[in-house]
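*Asks:* Following this line is data.cif, made up of mmCIF, N, CA and C atoms and all ligand atoms:
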```
data_data
#
loop_
_atom_site.label_atom_id
_atom_site.label_comp_id
_atom_site.auth_asym_id
_atom_site.auth_seq_id
_atom_site.Cartn_x
_atom_site.Cartn_y
_atom_site.Cartn_z
N MET H 1 -3.51 -14.92 11.21
CA MET H 1 -3.80 -13.79 10.33
C MET H 1 -4.13 -12.55 11.15
N LYS H 2 -4.89 -12.77 12.24
CA LYS H 2 -5.28 -11.63 13.06
C LYS H 2 -4.05 -10.94 13.67
N THR H 3 -3.17 -11.75 14.20
CA THR H 3 -1.95 -11.21 14.80
C THR H 3 -1.14 -10.48 13.75
N PHE H 4 -1.10 -11.09 12.59
CA PHE H 4 -0.35 -10.51 11.47
C PHE H 4 -0.86 -9.11 11.17
N ILE H 5 -2.19 -8.99 11.07
CA ILE H 5 -2.78 -7.71 10.72
C ILE H 5 -2.56 -6.69 11.84
N SER H 6 -2.67 -7.13 13.09
CA SER H 6 -2.48 -6.15 14.15
C SER H 6 -1.03 -5.69 14.22
N HIS H 7 -0.12 -6.57 13.90
CA HIS H 7 1.28 -6.14 13.80
C HIS H 7 1.42 -5.11 12.71
N PHE H 8 0.73 -5.39 11.61
CA PHE H 8 0.82 -4.46 10.50
C PHE H 8 0.33 -3.08 10.94
N ARG H 9 -0.75 -3.05 11.72
CA ARG H 9 -1.32 -1.76 12.13
C ARG H 9 -0.31 -0.95 12.92
N LEU H 10 0.41 -1.61 13.81
CA LEU H 10 1.43 -0.91 14.59
C LEU H 10 2.46 -0.32 13.66
N PHE H 11 2.85 -1.11 12.70
CA PHE H 11 3.86 -0.69 11.75
C PHE H 11 3.34 0.50 10.94
N ALA H 12 2.10 0.41 10.47
CA ALA H 12 1.51 1.47 9.67
C ALA H 12 1.40 2.76 10.49
N ALA H 13 1.02 2.61 11.76
CA ALA H 13 0.89 3.79 12.61
C ALA H 13 2.24 4.48 12.75
N ALA H 14 3.29 3.69 12.91
CA ALA H 14 4.63 4.26 13.03
C ALA H 14 5.00 4.97 11.73
N ALA H 15 4.70 4.35 10.62
CA ALA H 15 5.04 4.94 9.32
C ALA H 15 4.31 6.27 9.15
N CYS H 16 3.06 6.33 9.57
CA CYS H 16 2.28 7.56 9.43
C CYS H 16 2.85 8.67 10.30
N THR H 17 3.28 8.31 11.50
CA THR H 17 3.84 9.31 12.40
C THR H 17 5.09 9.92 11.79
N ILE H 18 5.90 9.07 11.20
CA ILE H 18 7.13 9.57 10.58
C ILE H 18 6.78 10.46 9.39
N ALA H 19 5.82 10.01 8.56
CA ALA H 19 5.46 10.75 7.37
C ALA H 19 4.84 12.10 7.71
N ALA H 20 4.19 12.19 8.89
CA ALA H 20 3.54 13.43 9.28
C ALA H 20 4.56 14.51 9.67
N HIS H 21 5.78 14.09 9.92
CA HIS H 21 6.82 15.05 10.27
C HIS H 21 7.14 15.90 9.05
N PRO H 22 7.10 17.24 9.19
CA PRO H 22 7.24 18.12 8.02
C PRO H 22 8.50 17.85 7.19
N ALA H 23 9.64 17.67 7.85
CA ALA H 23 10.88 17.46 7.12
C ALA H 23 10.80 16.19 6.29
N PHE H 24 10.13 15.19 6.84
CA PHE H 24 10.02 13.91 6.16
C PHE H 24 9.06 13.99 4.99
N ALA H 25 7.99 14.78 5.15
CA ALA H 25 6.97 14.88 4.10
C ALA H 25 7.56 15.45 2.82
N GLN H 26 8.58 16.29 2.95
CA GLN H 26 9.19 16.89 1.77
C GLN H 26 10.22 15.96 1.13
N ASP H 27 10.50 14.88 1.81
CA ASP H 27 11.48 13.93 1.33
C ASP H 27 11.02 13.32 0.01
N ALA H 28 11.95 13.20 -0.93
CA ALA H 28 11.61 12.61 -2.23
C ALA H 28 11.19 11.16 -2.07
N ASN H 29 11.60 10.53 -0.96
CA ASN H 29 11.26 9.13 -0.74
C ASN H 29 9.96 8.95 0.02
N ALA H 30 9.21 10.04 0.23
CA ALA H 30 8.00 9.96 1.05
C ALA H 30 7.03 8.91 0.51
N GLY H 31 6.89 8.86 -0.83
CA GLY H 31 5.97 7.89 -1.43
C GLY H 31 6.39 6.47 -1.12
N ARG H 32 7.69 6.20 -1.25
CA ARG H 32 8.16 4.83 -0.98
C ARG H 32 8.01 4.49 0.50
N ASP H 33 8.30 5.47 1.35
CA ASP H 33 8.19 5.22 2.79
C ASP H 33 6.76 4.85 3.17
N LEU H 34 5.80 5.56 2.59
CA LEU H 34 4.39 5.23 2.86
C LEU H 34 4.04 3.88 2.25
N ALA H 35 4.50 3.66 1.02
CA ALA H 35 4.15 2.44 0.30
C ALA H 35 4.74 1.20 0.96
N ALA H 36 5.81 1.39 1.75
CA ALA H 36 6.45 0.26 2.41
C ALA H 36 5.45 -0.50 3.27
N ALA H 37 4.43 0.18 3.76
CA ALA H 37 3.40 -0.46 4.57
C ALA H 37 2.60 -1.47 3.74
N CYS H 38 2.63 -1.33 2.43
CA CYS H 38 1.88 -2.24 1.55
C CYS H 38 2.73 -3.45 1.16
N PHE H 39 4.05 -3.35 1.35
CA PHE H 39 4.96 -4.41 0.88
C PHE H 39 4.69 -5.74 1.57
N THR H 40 4.25 -5.67 2.84
CA THR H 40 4.01 -6.89 3.61
C THR H 40 3.12 -7.85 2.84
N CYS H 41 2.11 -7.32 2.20
CA CYS H 41 1.19 -8.19 1.46
C CYS H 41 1.44 -8.14 -0.04
N HIS H 42 1.70 -6.94 -0.55
CA HIS H 42 1.82 -6.79 -2.01
C HIS H 42 3.25 -7.00 -2.51
N GLY H 43 4.15 -7.42 -1.64
CA GLY H 43 5.52 -7.73 -2.05
C GLY H 43 6.42 -6.51 -2.01
N THR H 44 7.72 -6.77 -1.88
CA THR H 44 8.70 -5.69 -1.86
C THR H 44 8.59 -4.89 -3.15
N ASN H 45 8.47 -3.58 -3.00
CA ASN H 45 8.30 -2.67 -4.14
C ASN H 45 7.05 -2.97 -4.95
N GLY H 46 6.11 -3.70 -4.37
CA GLY H 46 4.84 -3.93 -5.04
C GLY H 46 4.83 -5.07 -6.03
N ASN H 47 5.87 -5.90 -6.01
CA ASN H 47 5.87 -7.11 -6.83
C ASN H 47 5.50 -8.29 -5.94
N SER H 48 4.24 -8.67 -5.97
CA SER H 48 3.77 -9.66 -5.02
C SER H 48 4.17 -11.08 -5.42
N VAL H 49 4.22 -11.94 -4.41
CA VAL H 49 4.60 -13.32 -4.64
C VAL H 49 3.46 -14.05 -5.36
N GLN H 50 3.75 -14.55 -6.53
CA GLN H 50 2.78 -15.24 -7.38
C GLN H 50 1.51 -14.42 -7.62
N GLY H 51 1.67 -13.09 -7.58
CA GLY H 51 0.56 -12.22 -7.94
C GLY H 51 -0.61 -12.21 -6.97
N VAL H 52 -0.41 -12.72 -5.75
CA VAL H 52 -1.48 -12.72 -4.75
C VAL H 52 -1.00 -12.04 -3.48
N PRO H 53 -1.64 -10.96 -3.04
CA PRO H 53 -2.63 -10.17 -3.77
C PRO H 53 -1.98 -9.50 -4.99
N PRO H 54 -2.76 -8.90 -5.86
CA PRO H 54 -2.20 -8.40 -7.13
C PRO H 54 -0.99 -7.49 -6.93
N SER H 55 -0.02 -7.60 -7.83
CA SER H 55 1.14 -6.70 -7.81
C SER H 55 0.68 -5.28 -8.07
N LEU H 56 1.40 -4.33 -7.47
CA LEU H 56 1.06 -2.92 -7.66
C LEU H 56 2.12 -2.21 -8.49
N ALA H 57 3.29 -2.82 -8.62
CA ALA H 57 4.41 -2.19 -9.34
C ALA H 57 4.05 -1.91 -10.79
N GLY H 58 4.33 -0.68 -11.22
CA GLY H 58 4.15 -0.31 -12.61
C GLY H 58 2.71 -0.10 -13.03
N ARG H 59 1.80 -0.11 -12.05
CA ARG H 59 0.39 0.10 -12.39
C ARG H 59 0.11 1.59 -12.57
N ASN H 60 -0.91 1.90 -13.35
CA ASN H 60 -1.30 3.29 -13.59
C ASN H 60 -1.70 3.97 -12.27
N SER H 61 -1.12 5.13 -12.00
CA SER H 61 -1.33 5.76 -10.69
C SER H 61 -2.79 6.20 -10.51
N ALA H 62 -3.42 6.68 -11.58
CA ALA H 62 -4.83 7.10 -11.46
C ALA H 62 -5.72 5.91 -11.12
N GLU H 63 -5.41 4.75 -11.70
CA GLU H 63 -6.21 3.55 -11.42
C GLU H 63 -5.99 3.07 -9.99
N LEU H 64 -4.74 3.13 -9.54
CA LEU H 64 -4.45 2.73 -8.15
C LEU H 64 -5.19 3.64 -7.18
N LEU H 65 -5.13 4.94 -7.46
CA LEU H 65 -5.78 5.91 -6.61
C LEU H 65 -7.29 5.66 -6.58
N GLN H 66 -7.84 5.40 -7.75
CA GLN H 66 -9.28 5.14 -7.82
C GLN H 66 -9.65 3.90 -7.02
N ALA H 67 -8.82 2.85 -7.15
CA ALA H 67 -9.08 1.62 -6.40
C ALA H 67 -9.08 1.92 -4.90
N MET H 68 -8.11 2.72 -4.44
CA MET H 68 -8.02 3.03 -3.01
C MET H 68 -9.24 3.83 -2.55
N LYS H 69 -9.69 4.77 -3.38
CA LYS H 69 -10.88 5.55 -3.03
C LYS H 69 -12.11 4.64 -2.94
N GLU H 70 -12.17 3.67 -3.85
CA GLU H 70 -13.32 2.75 -3.85
C GLU H 70 -13.26 1.80 -2.65
N PHE H 71 -12.04 1.45 -2.24
CA PHE H 71 -11.91 0.64 -1.01
C PHE H 71 -12.36 1.47 0.18
N GLN H 72 -11.96 2.74 0.22
CA GLN H 72 -12.32 3.61 1.34
C GLN H 72 -13.83 3.73 1.47
N SER H 73 -14.50 3.91 0.34
CA SER H 73 -15.95 4.14 0.36
C SER H 73 -16.72 2.82 0.52
N GLY H 74 -16.03 1.71 0.29
CA GLY H 74 -16.69 0.41 0.38
C GLY H 74 -17.33 -0.02 -0.93
N LYS H 75 -17.16 0.81 -1.97
CA LYS H 75 -17.75 0.51 -3.27
C LYS H 75 -17.15 -0.76 -3.87
N ARG H 76 -15.81 -0.93 -3.66
CA ARG H 76 -15.12 -2.10 -4.21
C ARG H 76 -15.07 -3.18 -3.15
N PRO H 77 -15.51 -4.40 -3.46
CA PRO H 77 -15.48 -5.48 -2.46
C PRO H 77 -14.06 -5.79 -2.02
N ALA H 78 -13.87 -6.13 -0.75
CA ALA H 78 -12.54 -6.43 -0.24
C ALA H 78 -12.63 -7.24 1.04
N THR H 79 -11.54 -7.95 1.35
CA THR H 79 -11.45 -8.62 2.64
C THR H 79 -10.68 -7.73 3.62
N VAL H 80 -9.51 -7.26 3.21
CA VAL H 80 -8.69 -6.45 4.11
C VAL H 80 -8.48 -5.02 3.62
N MET H 81 -8.71 -4.78 2.33
CA MET H 81 -8.33 -3.47 1.79
C MET H 81 -9.21 -2.32 2.26
N HIS H 82 -10.43 -2.57 2.70
CA HIS H 82 -11.23 -1.48 3.25
C HIS H 82 -10.49 -0.86 4.44
N GLN H 83 -10.02 -1.75 5.32
CA GLN H 83 -9.29 -1.29 6.51
C GLN H 83 -8.00 -0.60 6.12
N GLN H 84 -7.27 -1.21 5.21
CA GLN H 84 -5.97 -0.65 4.79
C GLN H 84 -6.16 0.75 4.22
N ALA H 85 -7.10 0.89 3.31
CA ALA H 85 -7.27 2.15 2.57
C ALA H 85 -7.68 3.30 3.49
N ARG H 86 -8.43 2.97 4.55
CA ARG H 86 -8.95 4.04 5.40
C ARG H 86 -7.89 4.68 6.29
N GLY H 87 -6.71 4.12 6.31
CA GLY H 87 -5.65 4.69 7.14
C GLY H 87 -4.90 5.84 6.49
N TYR H 88 -5.32 6.24 5.28
CA TYR H 88 -4.53 7.23 4.55
C TYR H 88 -5.36 8.43 4.09
N THR H 89 -4.71 9.60 4.08
CA THR H 89 -5.32 10.81 3.52
C THR H 89 -5.16 10.78 1.99
N ASP H 90 -5.89 11.63 1.30
CA ASP H 90 -5.77 11.70 -0.16
C ASP H 90 -4.33 12.02 -0.61
N PRO H 91 -3.69 13.03 -0.01
CA PRO H 91 -2.30 13.31 -0.43
C PRO H 91 -1.37 12.12 -0.22
N GLN H 92 -1.59 11.36 0.86
CA GLN H 92 -0.76 10.17 1.10
C GLN H 92 -1.02 9.12 0.03
N LEU H 93 -2.30 8.93 -0.33
CA LEU H 93 -2.64 7.93 -1.36
C LEU H 93 -2.05 8.34 -2.70
N GLN H 94 -2.02 9.64 -2.97
CA GLN H 94 -1.43 10.11 -4.23
C GLN H 94 0.06 9.80 -4.28
N LEU H 95 0.73 10.01 -3.14
CA LEU H 95 2.17 9.69 -3.07
C LEU H 95 2.39 8.19 -3.28
N ILE H 96 1.56 7.38 -2.62
CA ILE H 96 1.70 5.93 -2.72
C ILE H 96 1.46 5.47 -4.16
N ALA H 97 0.38 5.98 -4.78
CA ALA H 97 0.05 5.59 -6.15
C ALA H 97 1.15 6.00 -7.11
N ALA H 98 1.69 7.21 -6.92
CA ALA H 98 2.76 7.70 -7.79
C ALA H 98 4.01 6.83 -7.62
N TYR H 99 4.27 6.43 -6.38
CA TYR H 99 5.44 5.56 -6.15
C TYR H 99 5.29 4.24 -6.89
N PHE H 100 4.16 3.56 -6.70
CA PHE H 100 4.00 2.25 -7.35
C PHE H 100 4.03 2.38 -8.87
N ALA H 101 3.46 3.48 -9.40
CA ALA H 101 3.46 3.69 -10.85
C ALA H 101 4.89 3.84 -11.37
N SER H 102 5.78 4.34 -10.51
CA SER H 102 7.16 4.60 -10.94
C SER H 102 8.05 3.36 -10.87
N VAL H 103 7.56 2.31 -10.23
CA VAL H 103 8.37 1.10 -10.04
C VAL H 103 8.24 0.18 -11.24
N LYS H 104 9.35 -0.40 -11.66
CA LYS H 104 9.30 -1.38 -12.74
C LYS H 104 8.76 -2.71 -12.21
N PRO H 105 7.77 -3.30 -12.89
CA PRO H 105 7.33 -4.62 -12.47
C PRO H 105 8.49 -5.59 -12.61
N GLY H 106 8.66 -6.46 -11.65
CA GLY H 106 9.79 -7.38 -11.70
C GLY H 106 9.42 -8.71 -11.10
N PRO H 107 10.42 -9.59 -10.93
CA PRO H 107 10.14 -10.89 -10.34
C PRO H 107 9.68 -10.72 -8.89
N ALA H 108 8.80 -11.60 -8.46
CA ALA H 108 8.29 -11.54 -7.11
C ALA H 108 9.40 -11.73 -6.10
N GLN H 109 9.30 -11.05 -4.98
CA GLN H 109 10.28 -11.20 -3.91
C GLN H 109 9.54 -11.59 -2.64
N LEU H 110 10.30 -12.02 -1.67
CA LEU H 110 9.66 -12.37 -0.41
C LEU H 110 9.12 -11.11 0.23
N PRO H 111 7.98 -11.22 0.94
CA PRO H 111 7.40 -10.03 1.57
C PRO H 111 8.40 -9.41 2.55
N ALA H 112 8.37 -8.09 2.64
CA ALA H 112 9.23 -7.39 3.58
C ALA H 112 8.81 -7.73 5.00
N LYS H 113 9.80 -7.84 5.88
CA LYS H 113 9.47 -8.10 7.28
C LYS H 113 9.08 -6.79 7.95
N PRO H 114 7.95 -6.76 8.67
CA PRO H 114 7.55 -5.50 9.30
C PRO H 114 8.52 -5.08 10.41
C1 LIG H 201 -2.79 -7.24 5.06
C2 LIG H 201 -2.40 -7.41 3.65
C3 LIG H 201 -2.51 -6.18 2.76
C4 LIG H 201 -1.91 -4.95 2.93
C5 LIG H 201 -1.03 -4.49 4.08
C6 LIG H 201 -2.25 -4.16 1.77
N1 LIG H 201 -3.03 -4.87 0.92
FE1 LIG H 201 -3.82 -4.22 -0.85
N2 LIG H 201 -4.75 -6.01 -1.10
C7 LIG H 201 -4.73 -7.05 -0.20
C8 LIG H 201 -5.69 -8.06 -0.61
C9 LIG H 201 -5.95 -9.38 0.10
C10 LIG H 201 -6.30 -7.57 -1.78
C11 LIG H 201 -7.48 -8.18 -2.57
C12 LIG H 201 -8.75 -7.43 -2.12
C13 LIG H 201 -9.16 -7.80 -0.70
O1 LIG H 201 -9.47 -8.96 -0.48
O2 LIG H 201 -9.14 -6.93 0.20
C14 LIG H 201 -5.67 -6.28 -2.08
C15 LIG H 201 -5.98 -5.51 -3.18
C16 LIG H 201 -5.41 -4.28 -3.46
C17 LIG H 201 -5.65 -3.50 -4.65
C18 LIG H 201 -6.51 -3.90 -5.82
C19 LIG H 201 -5.60 -4.59 -6.81
C20 LIG H 201 -6.35 -5.10 -8.02
O3 LIG H 201 -5.71 -5.26 -9.05
O4 LIG H 201 -7.57 -5.36 -7.92
C21 LIG H 201 -4.93 -2.36 -4.53
C22 LIG H 201 -4.85 -1.20 -5.52
C23 LIG H 201 -4.23 -2.42 -3.28
N3 LIG H 201 -4.54 -3.60 -2.64
C24 LIG H 201 -3.41 -1.43 -2.80
C25 LIG H 201 -2.78 -1.47 -1.56
C26 LIG H 201 -1.98 -0.39 -1.04
C27 LIG H 201 -1.69 0.91 -1.78
C28 LIG H 201 -1.57 -0.77 0.19
C29 LIG H 201 -0.75 0.03 1.18
C30 LIG H 201 -1.30 1.32 1.57
C31 LIG H 201 -2.08 -2.11 0.44
N4 LIG H 201 -2.81 -2.49 -0.64
C32 LIG H 201 -1.84 -2.84 1.59
C33 LIG H 201 -3.93 -7.16 0.91
C34 LIG H 201 -3.21 -6.12 1.48
#
```
Using structure tokens, write down the structure that the file contains.

*Replies:*
Amino acid sequence: MKTFISHFRLFAAAACTIAAHPAFAQDANAGRDLAAACFTCHGTNGNSVQGVPPSLAGRNSAELLQAMKEFQSGKRPATVMHQQARGYTDPQLQLIAAYFASVKPGPAQLPAKP
């Protein structure tokens, strides 16, 4: 699990570097590109395998955003999400939440390979 998470961090760092590029930030796919870092655990496009951890696809964006803010502050209990949430700025979290809200919930798929 430890190795898995550290691999994820490398991947997330790369994703952030790309997203920080101005041309990329204006990309209509910016939300999905950022959200791809969540697919490893929450399933491709946010449809997690057997709902663990919970699927994010089709969820209300304001609720997703609130959950992420609560993970950041530590208000909401978590095992890994405190760490995950702290890697993002508010505008990035808004893009991610809007992306997941726009996705249709569907059958679970295998997690994306980092
Ligand atoms: C390393 C695996 C992992 C990654 C990567 C990950 N999550 Fe999570 N997520 C979890 C787990 C596990 C939980 C359950 C809470 C906990 O134990 O931390 C969770 C819970 C959540 C919840 C609460 C869902 C609910 O219904 O209570 C939200 C929202 C969430 N994650 C969003 C995200 C977003 C957005 C990303 C990408 C920026 C992300 N997660 C990346 C593992 C992960």

*Asks:* What's the separation between atom N of Cys38 (chain H) and atom N of Lys75 (chain H), in Å to one decimal place?

*Replies:*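 Between atom N of Cys38 (chain H) and atom N of Lys75 (chain H) the gap works out to 20.4 Å.
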
*Asks:* Using only C-alpha atoms and all ligand atoms, find the one residue out of H:Met81, H:Ala30, H:Ala62, H:Val49 that sits nearest to ligand LIG 201 (chain H).

*Replies:*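 Of H:Met81, H:Ala30, H:Ala62, H:Val49, the one nearest ligand LIG 201 (chain H), counting only C-alpha atoms and all ligand atoms, is H:Met81.
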
*Asks:* Put a box with edges along x, y and z around all the listed atoms of ligand LIG 201 (chain H), pad it by 8 Å on each side, then give me its centre and sizes in Å, one decimal, as JSON.

*Replies:*
```
{"center_x": -5.1, "center_y": -4.0, "center_z": -2.0, "size_x": 24.7, "size_y": 26.7, "size_z": 30.1}
```

*Asks:* Quick one: of H:His82, H:Arg32, H:Arg59, H:Lys104, who's nearest to ligand LIG 201 (chain H), counting all atoms listed in the file?

*Replies:* H:His82

*Asks:* Rounded to one decimal, what separation in Å do you get between atom C10 of ligand LIG 201 (chain H) and CA of Ala28 (chain H)?

*Replies:*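 Those two atoms sit 27.0 Å apart.
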
*Asks:* Which of these, H:Val52, H:Leu93, H:Ala57, H:Val80, has the shortest distance to ligand LIG 201 (chain H) once you count only N, CA and C atoms and all ligand atoms?

*Replies:*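 Result for the nearest residue to ligand LIG 201 (chain H): H:Val80.
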
*Asks:* Taking only C-alpha atoms and all ligand atoms and a cut-off of 9 Å, can you tell me which residues surround ligand LIG 201 (chain H), written as a ChimeraX atom specification?

*Replies:* /H:1,4-5,8-9,12,34-42,46,52-56,59,63-68,71,76-88,92-93,96-97,100

*Asks:* Take CA of Val103 (chain H) and atom N of Ser73 (chain H) and report the distance between them in Å, one decimal.

*Replies:*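 Atom N of Ser73 (chain H) lies at a distance of 25.3 Å from CA of Val103 (chain H).
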
*Asks:* Any chance you could list, as a ChimeraX atom specification, the residues in region 46-99 of chain H that come up helix (DSSP H, G or I) when DSSP is run on the backbone?

*Replies:* /H:46,49-51,61-73,81-85,90-99

*Asks:* Next, the residues of the selection above should be written as a short mmCIF file (atom, residue, chain, number, x, y, z; two decimals), in the frame of the given file with N, CA and C atoms.

*Replies:*
```
data_model
loop_
_atom_site.label_atom_id
_atom_site.label_comp_id
_atom_site.auth_asym_id
_atom_site.auth_seq_id
_atom_site.Cartn_x
_atom_site.Cartn_y
_atom_site.Cartn_z
N GLY H 46 6.11 -3.70 -4.37
CA GLY H 46 4.84 -3.93 -5.04
C GLY H 46 4.83 -5.07 -6.03
N VAL H 49 4.22 -11.94 -4.41
CA VAL H 49 4.60 -13.32 -4.64
C VAL H 49 3.46 -14.05 -5.36
N GLN H 50 3.75 -14.55 -6.53
CA GLN H 50 2.78 -15.24 -7.38
C GLN H 50 1.51 -14.42 -7.62
N GLY H 51 1.67 -13.09 -7.58
CA GLY H 51 0.56 -12.22 -7.94
C GLY H 51 -0.61 -12.21 -6.97
N SER H 61 -1.12 5.13 -12.00
CA SER H 61 -1.33 5.76 -10.69
C SER H 61 -2.79 6.20 -10.51
N ALA H 62 -3.42 6.68 -11.58
CA ALA H 62 -4.83 7.10 -11.46
C ALA H 62 -5.72 5.91 -11.12
N GLU H 63 -5.41 4.75 -11.70
CA GLU H 63 -6.21 3.55 -11.42
C GLU H 63 -5.99 3.07 -9.99
N LEU H 64 -4.74 3.13 -9.54
CA LEU H 64 -4.45 2.73 -8.15
C LEU H 64 -5.19 3.64 -7.18
N LEU H 65 -5.13 4.94 -7.46
CA LEU H 65 -5.78 5.91 -6.61
C LEU H 65 -7.29 5.66 -6.58
N GLN H 66 -7.84 5.40 -7.75
CA GLN H 66 -9.28 5.14 -7.82
C GLN H 66 -9.65 3.90 -7.02
N ALA H 67 -8.82 2.85 -7.15
CA ALA H 67 -9.08 1.62 -6.40
C ALA H 67 -9.08 1.92 -4.90
N MET H 68 -8.11 2.72 -4.44
CA MET H 68 -8.02 3.03 -3.01
C MET H 68 -9.24 3.83 -2.55
N LYS H 69 -9.69 4.77 -3.38
CA LYS H 69 -10.88 5.55 -3.03
C LYS H 69 -12.11 4.64 -2.94
N GLU H 70 -12.17 3.67 -3.85
CA GLU H 70 -13.32 2.75 -3.85
C GLU H 70 -13.26 1.80 -2.65
N PHE H 71 -12.04 1.45 -2.24
CA PHE H 71 -11.91 0.64 -1.01
C PHE H 71 -12.36 1.47 0.18
N GLN H 72 -11.96 2.74 0.22
CA GLN H 72 -12.32 3.61 1.34
C GLN H 72 -13.83 3.73 1.47
N SER H 73 -14.50 3.91 0.34
CA SER H 73 -15.95 4.14 0.36
C SER H 73 -16.72 2.82 0.52
N MET H 81 -8.71 -4.78 2.33
CA MET H 81 -8.33 -3.47 1.79
C MET H 81 -9.21 -2.32 2.26
N HIS H 82 -10.43 -2.57 2.70
CA HIS H 82 -11.23 -1.48 3.25
C HIS H 82 -10.49 -0.86 4.44
N GLN H 83 -10.02 -1.75 5.32
CA GLN H 83 -9.29 -1.29 6.51
C GLN H 83 -8.00 -0.60 6.12
N GLN H 84 -7.27 -1.21 5.21
CA GLN H 84 -5.97 -0.65 4.79
C GLN H 84 -6.16 0.75 4.22
N ALA H 85 -7.10 0.89 3.31
CA ALA H 85 -7.27 2.15 2.57
C ALA H 85 -7.68 3.30 3.49
N ASP H 90 -5.89 11.63 1.30
CA ASP H 90 -5.77 11.70 -0.16
C ASP H 90 -4.33 12.02 -0.61
N PRO H 91 -3.69 13.03 -0.01
CA PRO H 91 -2.30 13.31 -0.43
C PRO H 91 -1.37 12.12 -0.22
N GLN H 92 -1.59 11.36 0.86
CA GLN H 92 -0.76 10.17 1.10
C GLN H 92 -1.02 9.12 0.03
N LEU H 93 -2.30 8.93 -0.33
CA LEU H 93 -2.64 7.93 -1.36
C LEU H 93 -2.05 8.34 -2.70
N GLN H 94 -2.02 9.64 -2.97
CA GLN H 94 -1.43 10.11 -4.23
C GLN H 94 0.06 9.80 -4.28
N LEU H 95 0.73 10.01 -3.14
CA LEU H 95 2.17 9.69 -3.07
C LEU H 95 2.39 8.19 -3.28
N ILE H 96 1.56 7.38 -2.62
CA ILE H 96 1.70 5.93 -2.72
C ILE H 96 1.46 5.47 -4.16
N ALA H 97 0.38 5.98 -4.78
CA ALA H 97 0.05 5.59 -6.15
C ALA H 97 1.15 6.00 -7.11
N ALA H 98 1.69 7.21 -6.92
CA ALA H 98 2.76 7.70 -7.79
C ALA H 98 4.01 6.83 -7.62
N TYR H 99 4.27 6.43 -6.38
CA TYR H 99 5.44 5.56 -6.15
C TYR H 99 5.29 4.24 -6.89
#
```
